[in-house]
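*Asks:* Below is the file work_15.cif, which contains mmCIF, C-alpha atoms.
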data_upload
#
loop_
_atom_site.label_atom_id
_atom_site.label_comp_id
_atom_site.auth_asym_id
_atom_site.auth_seq_id
_atom_site.Cartn_x
_atom_site.Cartn_y
_atom_site.Cartn_z
CA MET Y 272 -29.75 -32.10 -35.83
CA THR Y 273 -29.91 -28.39 -36.38
CA THR Y 274 -27.31 -25.65 -36.51
CA TYR Y 275 -27.83 -24.51 -32.95
CA ASP Y 276 -27.53 -28.11 -31.66
CA VAL Y 277 -24.01 -28.23 -33.08
CA TYR Y 278 -22.97 -24.99 -31.39
CA VAL Y 279 -24.66 -25.83 -28.08
CA ALA Y 280 -22.91 -29.22 -27.99
CA GLY Y 281 -19.61 -27.60 -29.00
CA GLY Y 282 -20.04 -25.02 -26.27
CA ALA Y 283 -20.61 -27.74 -23.69
CA VAL Y 284 -17.45 -29.54 -24.86
CA LEU Y 285 -15.49 -26.27 -24.70
CA PHE Y 286 -16.74 -25.58 -21.17
CA ALA Y 287 -15.70 -29.08 -20.07
CA LEU Y 288 -12.32 -28.66 -21.77
CA GLY Y 289 -11.78 -25.35 -20.00
CA THR Y 290 -12.66 -26.94 -16.66
CA TYR Y 291 -10.15 -29.71 -17.29
CA GLY Y 292 -7.44 -27.22 -18.30
CA LEU Y 293 -8.10 -24.97 -15.33
CA LEU Y 294 -7.63 -27.86 -12.91
CA GLU Y 295 -4.94 -29.86 -14.70
CA ARG Y 296 -2.54 -27.32 -16.28
CA SER Y 297 -0.01 -25.99 -13.83
CA HIS Y 298 1.26 -22.86 -15.67
CA LEU Y 299 -0.82 -19.92 -14.43
CA VAL Y 300 -1.20 -18.35 -17.89
CA HIS Y 301 -2.59 -21.70 -19.07
CA LYS Y 302 -5.13 -21.47 -16.26
CA VAL Y 303 -6.18 -17.97 -17.41
CA ILE Y 304 -6.54 -19.24 -21.00
CA ALA Y 305 -8.58 -22.22 -19.76
CA ALA Y 306 -10.91 -19.90 -17.82
CA ASN Y 307 -11.40 -17.94 -21.06
CA PHE Y 308 -12.34 -21.17 -22.85
CA MET Y 309 -14.91 -21.92 -20.16
CA GLY Y 310 -16.43 -18.50 -20.75
CA SER Y 311 -16.47 -18.94 -24.54
CA GLY Y 312 -18.13 -22.33 -24.11
CA ILE Y 313 -20.96 -20.83 -22.09
CA PHE Y 314 -21.32 -17.99 -24.60
CA LEU Y 315 -21.69 -20.55 -27.41
CA VAL Y 316 -24.39 -22.36 -25.42
CA LEU Y 317 -26.24 -19.09 -24.75
CA ILE Y 318 -26.17 -17.81 -28.33
CA GLY Y 319 -26.96 -21.29 -29.62
CA LEU Y 320 -30.06 -21.36 -27.43
CA ALA Y 321 -30.96 -17.85 -28.56
CA ASN Y 322 -31.32 -19.27 -32.09
CA ARG Y 323 -34.19 -21.57 -31.11
CA THR Y 324 -36.71 -18.82 -31.86
CA PRO Y 325 -39.19 -19.39 -34.72
CA THR Y 326 -38.11 -16.05 -36.24
CA PRO Y 327 -34.90 -15.92 -38.30
CA GLU Y 328 -33.20 -13.41 -36.00
CA PRO Y 329 -32.03 -14.79 -32.66
CA ASP Y 330 -33.34 -13.60 -29.31
CA PRO Y 331 -31.57 -10.29 -28.54
CA VAL Y 332 -31.46 -10.75 -24.76
CA PRO Y 333 -28.85 -13.58 -24.71
CA GLN Y 334 -26.84 -11.60 -27.27
CA ALA Y 335 -26.73 -8.62 -24.93
CA MET Y 336 -25.81 -10.93 -22.03
CA VAL Y 337 -22.92 -12.39 -24.03
CA LEU Y 338 -21.67 -8.92 -25.00
CA THR Y 339 -21.68 -8.04 -21.30
CA GLY Y 340 -19.92 -11.33 -20.60
CA ILE Y 341 -17.14 -10.63 -23.12
CA VAL Y 342 -16.27 -7.33 -21.43
CA VAL Y 343 -16.36 -8.93 -17.97
CA THR Y 344 -14.10 -11.71 -19.32
CA VAL Y 345 -11.47 -9.25 -20.52
CA ALA Y 346 -11.59 -7.55 -17.10
CA MET Y 347 -11.10 -10.95 -15.44
CA THR Y 348 -8.23 -11.83 -17.79
CA ALA Y 349 -6.43 -8.52 -17.21
CA LEU Y 350 -6.74 -8.80 -13.44
CA GLY Y 351 -5.70 -12.46 -13.50
CA LEU Y 352 -2.62 -11.75 -15.61
CA ALA Y 353 -1.67 -8.75 -13.43
CA ILE Y 354 -1.82 -11.01 -10.37
CA VAL Y 355 0.22 -13.70 -12.19
CA LYS Y 356 2.91 -11.13 -13.05
CA ARG Y 357 3.01 -9.72 -9.55
CA TYR Y 358 3.19 -13.26 -8.14
CA PHE Y 359 6.04 -14.01 -10.51
CA SER Y 360 8.03 -10.95 -9.48
CA GLU Y 361 7.51 -11.79 -5.80
CA THR Y 362 8.30 -15.50 -5.98
CA GLY Y 363 9.88 -16.19 -9.38
CA ARG Y 364 7.38 -18.99 -9.97
CA THR Y 365 4.91 -19.44 -12.82
CA THR Y 366 2.91 -22.18 -11.11
CA LEU Y 367 1.28 -22.61 -7.72
CA ASP Y 368 3.54 -25.61 -7.10
CA ALA Y 369 5.64 -24.70 -4.04
CA ASP Y 370 8.43 -27.08 -5.11
CA GLU Y 371 9.10 -25.24 -8.37
CA LYS Y 372 12.50 -23.58 -8.34
CA PRO Y 373 12.60 -19.90 -9.33
CA GLY Y 374 13.48 -19.48 -12.99
CA GLU Y 375 12.84 -23.11 -13.83
CA ARG Y 376 11.25 -23.57 -17.22
CA ARG Y 377 7.93 -25.32 -17.23
CA MET J 217 -25.15 -28.28 -46.50
CA MET J 218 -24.30 -25.50 -44.05
CA ILE J 219 -24.53 -28.04 -41.23
CA VAL J 220 -21.28 -29.59 -42.51
CA PHE J 221 -19.60 -26.20 -42.26
CA ASP J 222 -21.00 -25.75 -38.75
CA ILE J 223 -19.66 -29.12 -37.59
CA LEU J 224 -16.26 -28.42 -39.15
CA LEU J 225 -16.14 -24.96 -37.56
CA VAL J 226 -17.02 -26.22 -34.08
CA ALA J 227 -14.54 -29.10 -34.43
CA THR J 228 -11.83 -26.63 -35.47
CA ILE J 229 -12.59 -24.37 -32.50
CA ILE J 230 -12.32 -27.28 -30.06
CA TRP J 231 -9.19 -28.58 -31.77
CA ILE J 232 -7.51 -25.15 -31.47
CA ALA J 233 -8.54 -24.95 -27.80
CA VAL J 234 -7.02 -28.37 -27.10
CA GLY J 235 -3.90 -27.33 -28.99
CA SER J 236 -3.59 -24.10 -27.06
CA LEU J 237 -3.76 -25.84 -23.70
CA SER J 238 -1.36 -28.63 -24.67
CA GLN J 239 1.56 -26.46 -25.78
CA ARG J 240 4.63 -26.40 -23.61
CA GLN J 241 5.78 -23.04 -24.99
CA MET J 242 3.48 -20.31 -23.71
CA PHE J 243 4.02 -18.19 -26.83
CA LYS J 244 2.43 -20.90 -29.01
CA SER J 245 -0.42 -21.22 -26.53
CA VAL J 246 -1.16 -17.51 -26.72
CA VAL J 247 -0.97 -17.40 -30.52
CA MET J 248 -3.42 -20.30 -30.69
CA PHE J 249 -5.65 -18.46 -28.23
CA VAL J 250 -5.77 -15.44 -30.55
CA ILE J 251 -6.62 -17.72 -33.50
CA PHE J 252 -9.31 -19.28 -31.32
CA GLY J 253 -10.84 -15.81 -30.83
CA LEU J 254 -10.96 -15.21 -34.59
CA PHE J 255 -12.70 -18.55 -35.21
CA MET J 256 -15.16 -17.73 -32.45
CA ALA J 257 -15.97 -14.50 -34.33
CA ILE J 258 -16.86 -16.62 -37.40
CA ALA J 259 -19.08 -18.79 -35.18
CA TRP J 260 -20.93 -15.69 -33.94
CA ILE J 261 -21.55 -14.63 -37.54
CA ARG J 262 -22.97 -18.10 -38.28
CA LEU J 263 -25.24 -17.70 -35.27
CA SER J 264 -26.40 -14.34 -36.76
CA SER J 265 -25.03 -12.23 -33.92
CA PRO J 266 -22.88 -9.57 -35.64
CA ASP J 267 -22.71 -7.42 -32.50
CA VAL J 268 -21.13 -10.25 -30.55
CA ALA J 269 -18.81 -11.08 -33.46
CA MET J 270 -17.42 -7.54 -33.52
CA ALA J 271 -16.87 -7.45 -29.77
CA GLU J 272 -15.21 -10.89 -29.87
CA ALA J 273 -12.85 -9.93 -32.72
CA ALA J 274 -11.82 -6.65 -31.09
CA ILE J 275 -11.78 -7.61 -27.42
CA GLY J 276 -11.51 -11.41 -27.37
CA ALA J 277 -8.80 -11.73 -29.97
CA GLY J 278 -7.24 -8.24 -29.98
CA VAL J 279 -7.05 -6.80 -26.49
CA THR J 280 -6.88 -10.12 -24.62
CA GLY J 281 -4.16 -11.33 -26.99
CA ALA J 282 -2.11 -8.19 -26.37
CA LEU J 283 -2.52 -8.60 -22.60
CA MET J 284 -1.40 -12.24 -22.75
CA LEU J 285 1.57 -11.60 -25.04
CA ASP J 286 2.68 -8.84 -22.66
CA ALA J 287 2.30 -11.16 -19.66
CA ILE J 288 4.31 -14.04 -21.13
CA GLY J 289 6.92 -11.57 -22.40
CA HIS J 290 7.32 -10.37 -18.84
CA LEU J 291 7.54 -13.92 -17.48
CA ARG J 292 10.06 -14.98 -20.09
CA ARG J 293 12.24 -11.88 -19.95
CA SER J 294 12.76 -12.16 -16.23
CA GLU J 295 13.17 -15.92 -16.33
CA THR J 296 16.87 -16.11 -17.09
CA PRO J 297 18.22 -13.11 -15.18
CA TYR J 298 16.10 -13.96 -12.17
CA ALA J 299 18.36 -16.70 -10.80
CA SER J 300 21.36 -14.36 -10.58
CA ALA J 301 19.44 -11.22 -9.61
CA ALA J 302 17.29 -12.98 -7.04
CA GLU J 303 20.01 -13.66 -4.53
CA PRO J 304 20.85 -10.12 -3.40
CA GLU J 305 17.34 -8.63 -3.41
CA GLY J 306 14.98 -11.56 -2.92
CA GLY J 307 16.93 -13.66 -0.44
CA GLU J 308 15.06 -12.74 2.78
CA PRO J 309 17.51 -10.09 3.99
CA ASP J 310 16.10 -9.82 7.49
CA ALA J 311 15.28 -13.49 8.05
CA MET Q 282 6.17 -29.24 -29.12
CA PRO Q 283 2.97 -30.66 -27.64
CA GLU Q 284 3.33 -32.46 -24.37
CA ARG Q 285 2.67 -36.15 -24.17
CA PRO Q 286 -0.97 -36.44 -23.13
CA ARG Q 287 -1.27 -37.37 -19.48
CA ILE Q 288 -4.81 -37.59 -18.22
CA ARG Q 289 -5.41 -36.86 -14.56
CA LEU Q 290 -8.41 -38.38 -12.87
CA VAL Q 291 -9.85 -35.60 -10.72
CA PRO Q 292 -9.83 -32.89 -13.42
CA LEU Q 293 -11.26 -35.40 -15.88
CA ALA Q 294 -14.09 -36.32 -13.51
CA ALA Q 295 -14.85 -32.65 -12.82
CA SER Q 296 -14.86 -31.83 -16.51
CA LEU Q 297 -17.17 -34.75 -17.37
CA ALA Q 298 -19.46 -33.72 -14.52
CA VAL Q 299 -19.83 -30.11 -15.74
CA PHE Q 300 -20.31 -31.39 -19.30
CA ALA Q 301 -23.17 -33.61 -18.13
CA LEU Q 302 -24.68 -30.75 -16.13
CA VAL Q 303 -24.62 -28.35 -19.09
CA LEU Q 304 -26.17 -30.97 -21.40
CA ARG Q 305 -28.83 -31.77 -18.80
CA ALA Q 306 -29.67 -28.08 -18.37
CA VAL Q 307 -29.93 -27.60 -22.14
CA HIS Q 308 -31.96 -30.79 -22.57
CA ALA Q 309 -34.50 -29.61 -20.00
CA LEU Q 310 -35.39 -26.63 -22.21
CA PRO Q 311 -38.14 -26.82 -24.84
CA ASP Q 312 -37.03 -27.29 -28.45
CA THR Q 313 -38.36 -23.99 -29.68
CA ALA Q 314 -38.50 -20.94 -27.51
CA THR Q 315 -40.68 -17.96 -28.21
CA GLY Q 316 -37.93 -15.76 -26.81
CA LEU Q 317 -38.35 -12.08 -26.21
CA SER Q 318 -37.68 -11.01 -29.82
CA ALA Q 319 -41.21 -9.71 -30.47
CA GLU Q 320 -41.47 -7.66 -27.26
CA MET Q 321 -37.96 -6.30 -27.65
CA THR Q 322 -38.42 -5.35 -31.29
CA ALA Q 323 -41.69 -3.57 -30.49
CA GLY Q 324 -40.09 -1.77 -27.55
CA ALA Q 325 -37.07 -0.82 -29.59
CA LYS Q 326 -39.27 0.62 -32.32
CA ALA Q 327 -41.03 2.77 -29.73
CA SER Q 328 -37.75 4.10 -28.38
CA GLY Q 329 -36.30 4.87 -31.83
CA ILE Q 330 -33.27 2.58 -31.36
CA LYS Q 331 -33.40 0.23 -34.31
CA ASN Q 332 -30.63 -2.13 -33.24
CA VAL Q 333 -32.46 -4.36 -30.77
CA VAL Q 334 -29.26 -5.55 -29.08
CA THR Q 335 -28.24 -1.97 -28.29
CA ALA Q 336 -31.74 -1.26 -27.00
CA VAL Q 337 -31.55 -4.32 -24.72
CA LEU Q 338 -28.07 -3.40 -23.46
CA LEU Q 339 -28.66 0.24 -22.62
CA ASP Q 340 -32.39 0.53 -22.21
CA PHE Q 341 -34.37 -2.59 -21.28
CA ARG Q 342 -31.64 -4.28 -19.32
CA GLY Q 343 -29.55 -1.23 -18.51
CA TYR Q 344 -29.01 -2.58 -15.00
CA ASP Q 345 -26.78 -5.39 -16.35
CA THR Q 346 -24.71 -2.96 -18.34
CA LEU Q 347 -24.41 -0.56 -15.41
CA LEU Q 348 -23.04 -3.34 -13.20
CA GLU Q 349 -20.79 -4.55 -16.01
CA ILE Q 350 -19.15 -1.15 -16.32
CA ALA Q 351 -18.75 -1.16 -12.55
CA VAL Q 352 -16.96 -4.53 -12.84
CA LEU Q 353 -14.67 -3.14 -15.54
CA MET Q 354 -13.90 -0.12 -13.33
CA LEU Q 355 -13.16 -2.35 -10.33
CA ALA Q 356 -10.82 -4.51 -12.42
CA THR Q 357 -9.05 -1.38 -13.69
CA ILE Q 358 -8.65 -0.05 -10.15
CA ALA Q 359 -7.34 -3.43 -9.00
CA VAL Q 360 -4.83 -3.69 -11.86
CA LEU Q 361 -3.73 -0.09 -11.32
CA SER Q 362 -3.14 -0.79 -7.64
CA LEU Q 363 -1.09 -3.89 -8.48
CA ARG Q 364 1.34 -1.88 -10.61
CA THR Q 365 4.78 -1.22 -9.23
CA ASP Q 366 5.47 1.95 -11.21
CA PRO Q 367 3.24 4.97 -10.40
CA ASP Q 368 4.03 6.56 -13.78
CA ALA Q 369 3.03 3.41 -15.66
CA LEU Q 370 0.31 5.09 -17.69
CA SER Q 371 2.53 7.80 -19.15
CA ARG Q 372 5.89 6.02 -19.29
CA ARG Q 373 7.25 5.64 -22.76
CA ILE Q 374 7.69 2.05 -23.87
CA SER Q 375 10.81 1.77 -25.95
CA GLY Q 376 12.57 -1.02 -27.75
CA VAL Q 377 9.43 -2.64 -29.13
CA ALA Q 378 8.71 -0.59 -32.22
CA GLY Q 379 10.60 -0.26 -35.48
CA PRO Q 380 10.06 2.34 -38.21
CA VAL Q 381 7.36 0.24 -39.91
CA LEU Q 382 5.19 -0.01 -36.80
CA GLY Q 383 5.65 3.70 -36.18
CA ALA Q 384 4.53 4.64 -39.69
CA LEU Q 385 1.61 2.22 -39.64
CA THR Q 386 0.49 3.53 -36.27
CA ARG Q 387 0.59 7.09 -37.56
CA ALA Q 388 -1.71 6.04 -40.40
CA TYR Q 389 -3.99 3.68 -38.50
CA VAL Q 390 -4.72 5.39 -35.20
CA PRO Q 391 -6.70 8.31 -36.70
CA ILE Q 392 -8.68 5.81 -38.79
CA MET Q 393 -9.32 3.67 -35.70
CA ILE Q 394 -10.64 6.70 -33.80
CA VAL Q 395 -13.00 7.49 -36.68
CA VAL Q 396 -14.10 3.83 -36.84
CA ALA Q 397 -14.78 3.88 -33.08
CA GLY Q 398 -16.94 6.97 -33.46
CA HIS Q 399 -18.73 5.43 -36.43
CA LEU Q 400 -19.42 2.20 -34.52
CA VAL Q 401 -21.01 4.12 -31.65
CA TRP Q 402 -23.12 6.25 -33.94
CA ILE Q 403 -24.26 3.36 -36.16
CA GLY Q 404 -24.91 1.25 -33.05
CA SER Q 405 -28.43 2.57 -32.72
CA SER Q 406 -29.46 1.22 -36.11
CA GLY Q 407 -27.06 -1.60 -37.00
CA PRO Q 408 -24.35 -3.82 -35.51
CA GLY Q 409 -22.08 -1.73 -33.31
CA GLY Q 410 -22.28 0.24 -30.12
CA ALA Q 411 -20.35 1.38 -27.09
CA PHE Q 412 -18.53 -1.91 -26.51
CA GLN Q 413 -17.31 -2.38 -30.04
CA GLY Q 414 -16.34 1.29 -30.32
CA GLY Q 415 -14.66 1.21 -26.94
CA ALA Q 416 -12.72 -1.91 -27.91
CA VAL Q 417 -11.44 -0.26 -31.10
CA LEU Q 418 -10.49 2.83 -29.09
CA GLY Q 419 -8.69 0.67 -26.53
CA ALA Q 420 -6.82 -1.16 -29.30
CA ALA Q 421 -5.78 2.22 -30.74
CA GLY Q 422 -4.46 3.25 -27.33
CA ILE Q 423 -2.48 0.03 -26.93
CA LEU Q 424 -1.06 0.40 -30.45
CA LEU Q 425 0.02 3.98 -29.70
CA ALA Q 426 1.71 2.90 -26.50
CA LEU Q 427 3.49 -0.05 -28.12
CA SER Q 428 4.82 2.10 -30.96
CA GLY Q 429 6.78 4.11 -28.43
CA PHE Q 430 5.02 7.42 -28.91
CA ALA Q 431 5.42 9.59 -25.83
CA ARG Q 432 2.13 9.99 -24.06
CA PRO Q 433 1.09 13.23 -22.44
CA ARG Q 434 1.68 13.60 -18.74
CA TRP Q 435 -2.05 13.92 -18.06
CA SER Q 436 -2.61 10.39 -19.28
CA SER Q 437 -1.67 9.03 -15.86
CA GLY Q 438 -2.95 11.76 -13.59
CA ALA Q 439 -6.29 13.06 -12.46
CA PRO Q 440 -7.63 13.88 -15.98
CA MET Q 441 -7.15 10.24 -17.03
CA ARG Q 442 -8.99 9.08 -13.93
CA TRP Q 443 -11.89 11.31 -14.87
CA VAL Q 444 -11.97 9.83 -18.38
CA LEU Q 445 -11.98 6.36 -16.79
CA ALA Q 446 -14.85 7.23 -14.47
CA VAL Q 447 -17.00 9.50 -16.65
CA GLY Q 448 -18.89 6.64 -18.33
CA LEU Q 449 -19.91 4.98 -15.07
CA LEU Q 450 -20.71 8.30 -13.35
CA THR Q 451 -22.90 9.50 -16.23
CA PHE Q 452 -24.64 6.14 -16.40
CA ILE Q 453 -25.40 6.29 -12.67
CA ALA Q 454 -26.64 9.88 -13.00
CA VAL Q 455 -28.88 8.97 -15.96
CA ALA Q 456 -30.13 5.90 -14.07
CA LEU Q 457 -31.03 8.00 -11.03
CA LEU Q 458 -32.61 10.83 -13.03
CA PRO Q 459 -36.01 9.09 -13.45
CA LEU Q 460 -36.21 8.71 -9.66
CA ALA Q 461 -36.27 12.49 -9.33
CA LEU Q 462 -39.02 12.67 -11.95
CA GLY Q 463 -41.15 10.19 -10.05
CA GLY Q 464 -40.33 7.07 -12.05
CA THR Q 465 -38.23 4.02 -11.16
CA LEU Q 466 -34.53 3.37 -11.61
CA LEU Q 467 -33.42 3.43 -15.29
CA GLN Q 468 -36.96 4.19 -16.51
CA TYR Q 469 -36.08 6.83 -19.07
CA PRO Q 470 -38.77 9.28 -20.14
CA ASP Q 471 -39.99 8.23 -23.58
CA GLU Q 472 -39.32 11.45 -25.46
CA SER Q 473 -35.66 11.72 -24.42
CA ARG Q 474 -34.88 7.99 -24.42
CA LYS Q 475 -32.79 7.89 -27.58
CA SER Q 476 -30.72 10.95 -26.71
CA LEU Q 477 -30.04 9.70 -23.18
CA VAL Q 478 -28.93 6.31 -24.51
CA LEU Q 479 -26.68 8.00 -27.06
CA LEU Q 480 -25.14 10.27 -24.41
CA VAL Q 481 -24.42 7.32 -22.13
CA GLU Q 482 -23.03 5.33 -25.06
CA ILE Q 483 -20.58 8.02 -26.18
CA LEU Q 484 -19.19 8.53 -22.67
CA LEU Q 485 -19.11 4.77 -22.06
CA THR Q 486 -17.06 4.35 -25.23
CA LEU Q 487 -14.46 6.80 -23.92
CA SER Q 488 -14.35 5.08 -20.54
CA ILE Q 489 -14.17 1.56 -22.00
CA GLY Q 490 -11.38 2.61 -24.37
CA ALA Q 491 -9.50 4.29 -21.53
CA SER Q 492 -9.84 1.31 -19.19
CA LEU Q 493 -8.76 -1.24 -21.81
CA THR Q 494 -5.68 0.89 -22.51
CA SER Q 495 -5.00 1.35 -18.80
CA LEU Q 496 -5.38 -2.37 -18.13
CA PHE Q 497 -2.64 -2.97 -20.67
CA LEU Q 498 -0.34 -0.08 -19.73
CA ALA Q 499 -0.53 -0.58 -15.98
CA SER Q 500 1.00 -4.00 -16.34
CA ALA Q 501 3.19 -3.25 -19.35
CA SER Q 502 5.26 -0.95 -17.13
CA ASP Q 503 6.63 -4.03 -15.41
CA THR Q 504 8.33 -4.88 -18.69
CA SER Q 505 10.75 -1.98 -18.34
CA GLU Q 506 11.36 -3.03 -14.76
CA GLY Q 507 12.16 -6.52 -16.00
CA GLU Q 508 14.67 -5.04 -18.44
CA ARG Q 509 16.38 -3.07 -15.72
CA ARG Q 510 17.06 -6.19 -13.69
#
Could you take the file, read its structure, and then write that structure out as structure tokens?
*Replies:*
Amino acid sequence: MTTYDVYVAGGAVLFALGTYGLLERSHLVHKVIAANFMGSGIFLVLIGLANRTPTPEPDPVPQAMVLTGIVVTVAMTALGLAIVKRYFSETGRTTLDADEKPGERR
Amino acid sequence: MMIVFDILLVATIIWIAVGSLSQRQMFKSVVMFVIFGLFMAIAWIRLSSPDVAMAEAAIGAGVTGALMLDAIGHLRRSETPYASAAEPEGGEPDA
Amino acid sequence: MPERPRIRLVPLAASLAVFALVLRAVHALPDTATGLSAEMTAGAKASGIKNVVTAVLLDFRGYDTLLEIAVLMLATIAVLSLRTDPDALSRRISGVAGPVLGALTRAYVPIMIVVAGHLVWIGSSGPGGAFQGGAVLGAAGILLALSGFARPRWSSGAPMRWVLAVGLLTFIAVALLPLALGGTLLQYPDESRKSLVLLVEILLTLSIGASLTSLFLASASDTSEGERR
């Protein structure tokens, strides 16, 4: 077992955890956080795989892809949270559950 | 020996992620999310990607954390007054 | 307090399925990859950009970065159009900051601007670049806004929109330039490669910083609305 194996496996676990959270958690901010975890998991897999090169420095192309991915993730998060806030001010709900009463703590 | 550190680091990252998603209070979730970002930055350093580490620390932990704290602040602030304020303005006036 | 764990079947199945898929995809790859390190390092040496990651981002795979900035712009436009307060970008946020935050902000923001500039400049030879610099600039903007400093009126009008767009517009112009000279898209002429990349990077930093700040401020305006309720 090498260093990159650990991070690749951890990334896969993180991606699976994010998937579970995205589907199971009902609070919309939890869903945004879970989507972020999915992204981080994939980034770990990518950078882990970039370290398989025989040279000590990792492959620069996955690094650049992950940098791009981080900026796209923050754009996604900001848009997601803006929609959550707008949804909240329209409906008073923090989940997609139609039975939730406005103002009810979850 | 560094492999032990790697395993511990990855385990900590996953543990923080689980913790963040299993909090009932959103504030705790968001704080754990910010801590998660900082640990991810350490992981990037271990994977010899300093460029990614810097972006993660500044964007992943900093800016995203600020956005999330602002969002939950908004949700929480309006939570209590909503029930009383909702009736006059949100109660389908022309239904 | 953590909730009592309650496992649901469908999310669990989906999560195990994606886990298996990722592991399968990774397992299908050979144990050691040659990667593109050698080609990229050689190419970067030729272009004079010593940090290979920066060279990949803005030169060899500039197309990715161009589209990424377009995504960031689209998200900013979307968030700005979701705001309820048209003056969101220049409204003063009050009631958050105390004297300590104000004093710290006064000391830190100039340093953060210098650090952002340094990160962009050093990005061609070491870790750093437009994204890291832009992120520091965006953080400085958010800090300024949170500390309750009044922002100039232009920060929500047409001048701010130009700052937001200048990075993407310059990048598109620089990408199209080789077409006029008989090359292909994003194929910079060798002699001016480093200066073109640096020009794009500096303007991208401004745009990234401005959009990160706008993403925050556009939604932070709703806070004051929440207080008014």
*Asks:* If you count only C-alpha atoms, which residues fall within 9 Å of Y:Phe286, apart from same-chain ones fewer than 4 positions away, as a list in words?
*Replies:*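 Residues near the query, excluding close chain neighbours: Gly281, Gly282, Thr290, Tyr291, Ala305, Ala306, Phe308, Met309, Gly310, Ser311, Gly312 and Ile313 of chain Y; Ser296, Val299, Phe300 and Val303 of chain Q.
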*Asks:* Report as an MDAnalysis selection string the residues that result from applying the PyMOL selection byres ((chain J) within 10 of (chain Q)) to the structure here.
*Replies:* chainID J and resid 235:241 244 265:276 278:280 282:284 286:287 289:295 297:298 300:302
*Asks:* Taking only C-alpha atoms into account, which residues of chain Q are within 9 Å of chain Y, as JSON, numbers by chain?
*Replies:* {"Q": [288, 289, 291, 292, 293, 294, 295, 296, 297, 298, 299, 300, 301, 303, 304, 307, 312, 313, 314, 315, 316, 317, 318, 319, 321, 322, 333, 334, 335, 337, 338, 342, 345, 346, 349, 350, 352, 353, 354, 355, 356, 357, 359, 360, 363, 364, 365, 412, 493, 496, 497, 499, 500, 503, 507]}
*Asks:* For the selection just defined, write its residues with C-alpha atoms to a file, as a short mmCIF file (atom, residue, chain, number, x, y, z; two decimals), in the coordinates of the input.
*Replies:*
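Heads up, here's the output in part07.cif:
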data_model
loop_
_atom_site.label_atom_id
_atom_site.label_comp_id
_atom_site.auth_asym_id
_atom_site.auth_seq_id
_atom_site.Cartn_x
_atom_site.Cartn_y
_atom_site.Cartn_z
CA ILE Q 288 -4.81 -37.59 -18.22
CA ARG Q 289 -5.41 -36.86 -14.56
CA VAL Q 291 -9.85 -35.60 -10.72
CA PRO Q 292 -9.83 -32.89 -13.42
CA LEU Q 293 -11.26 -35.40 -15.88
CA ALA Q 294 -14.09 -36.32 -13.51
CA ALA Q 295 -14.85 -32.65 -12.82
CA SER Q 296 -14.86 -31.83 -16.51
CA LEU Q 297 -17.17 -34.75 -17.37
CA ALA Q 298 -19.46 -33.72 -14.52
CA VAL Q 299 -19.83 -30.11 -15.74
CA PHE Q 300 -20.31 -31.39 -19.30
CA ALA Q 301 -23.17 -33.61 -18.13
CA VAL Q 303 -24.62 -28.35 -19.09
CA LEU Q 304 -26.17 -30.97 -21.40
CA VAL Q 307 -29.93 -27.60 -22.14
CA ASP Q 312 -37.03 -27.29 -28.45
CA THR Q 313 -38.36 -23.99 -29.68
CA ALA Q 314 -38.50 -20.94 -27.51
CA THR Q 315 -40.68 -17.96 -28.21
CA GLY Q 316 -37.93 -15.76 -26.81
CA LEU Q 317 -38.35 -12.08 -26.21
CA SER Q 318 -37.68 -11.01 -29.82
CA ALA Q 319 -41.21 -9.71 -30.47
CA MET Q 321 -37.96 -6.30 -27.65
CA THR Q 322 -38.42 -5.35 -31.29
CA VAL Q 333 -32.46 -4.36 -30.77
CA VAL Q 334 -29.26 -5.55 -29.08
CA THR Q 335 -28.24 -1.97 -28.29
CA VAL Q 337 -31.55 -4.32 -24.72
CA LEU Q 338 -28.07 -3.40 -23.46
CA ARG Q 342 -31.64 -4.28 -19.32
CA ASP Q 345 -26.78 -5.39 -16.35
CA THR Q 346 -24.71 -2.96 -18.34
CA GLU Q 349 -20.79 -4.55 -16.01
CA ILE Q 350 -19.15 -1.15 -16.32
CA VAL Q 352 -16.96 -4.53 -12.84
CA LEU Q 353 -14.67 -3.14 -15.54
CA MET Q 354 -13.90 -0.12 -13.33
CA LEU Q 355 -13.16 -2.35 -10.33
CA ALA Q 356 -10.82 -4.51 -12.42
CA THR Q 357 -9.05 -1.38 -13.69
CA ALA Q 359 -7.34 -3.43 -9.00
CA VAL Q 360 -4.83 -3.69 -11.86
CA LEU Q 363 -1.09 -3.89 -8.48
CA ARG Q 364 1.34 -1.88 -10.61
CA THR Q 365 4.78 -1.22 -9.23
CA PHE Q 412 -18.53 -1.91 -26.51
CA LEU Q 493 -8.76 -1.24 -21.81
CA LEU Q 496 -5.38 -2.37 -18.13
CA PHE Q 497 -2.64 -2.97 -20.67
CA ALA Q 499 -0.53 -0.58 -15.98
CA SER Q 500 1.00 -4.00 -16.34
CA ASP Q 503 6.63 -4.03 -15.41
CA GLY Q 507 12.16 -6.52 -16.00
#
*Asks:* I'd like the neighbourhood of stretch 444-454 of chain Q as JSON, numbers by chain, where a residue qualifies if any of its atoms comes within 9 Å (using all atoms listed in the file), though same-chain residues fewer than 3 positions away should be ignored.
*Replies:* {"Q": [347, 350, 351, 354, 357, 439, 440, 441, 457, 458, 467, 480, 481, 482, 483, 484, 485, 486, 487, 488, 489, 490, 491, 492, 495]}
*Asks:* By how many Å are atom CA of Q:Gly324 and atom CA of Y:Pro327 apart?
*Replies:*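 Result for atom CA of Q:Gly324 versus atom CA of Y:Pro327: 18.5 Å, one decimal.
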*Asks:* Work out how far apart atom CA of Q:Glu320 and atom CA of Q:Gln468 are and give it in Å to one decimal.
*Replies:*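 Straight-line distance from atom CA of Q:Glu320 to atom CA of Q:Gln468 works out to 16.6 Å.
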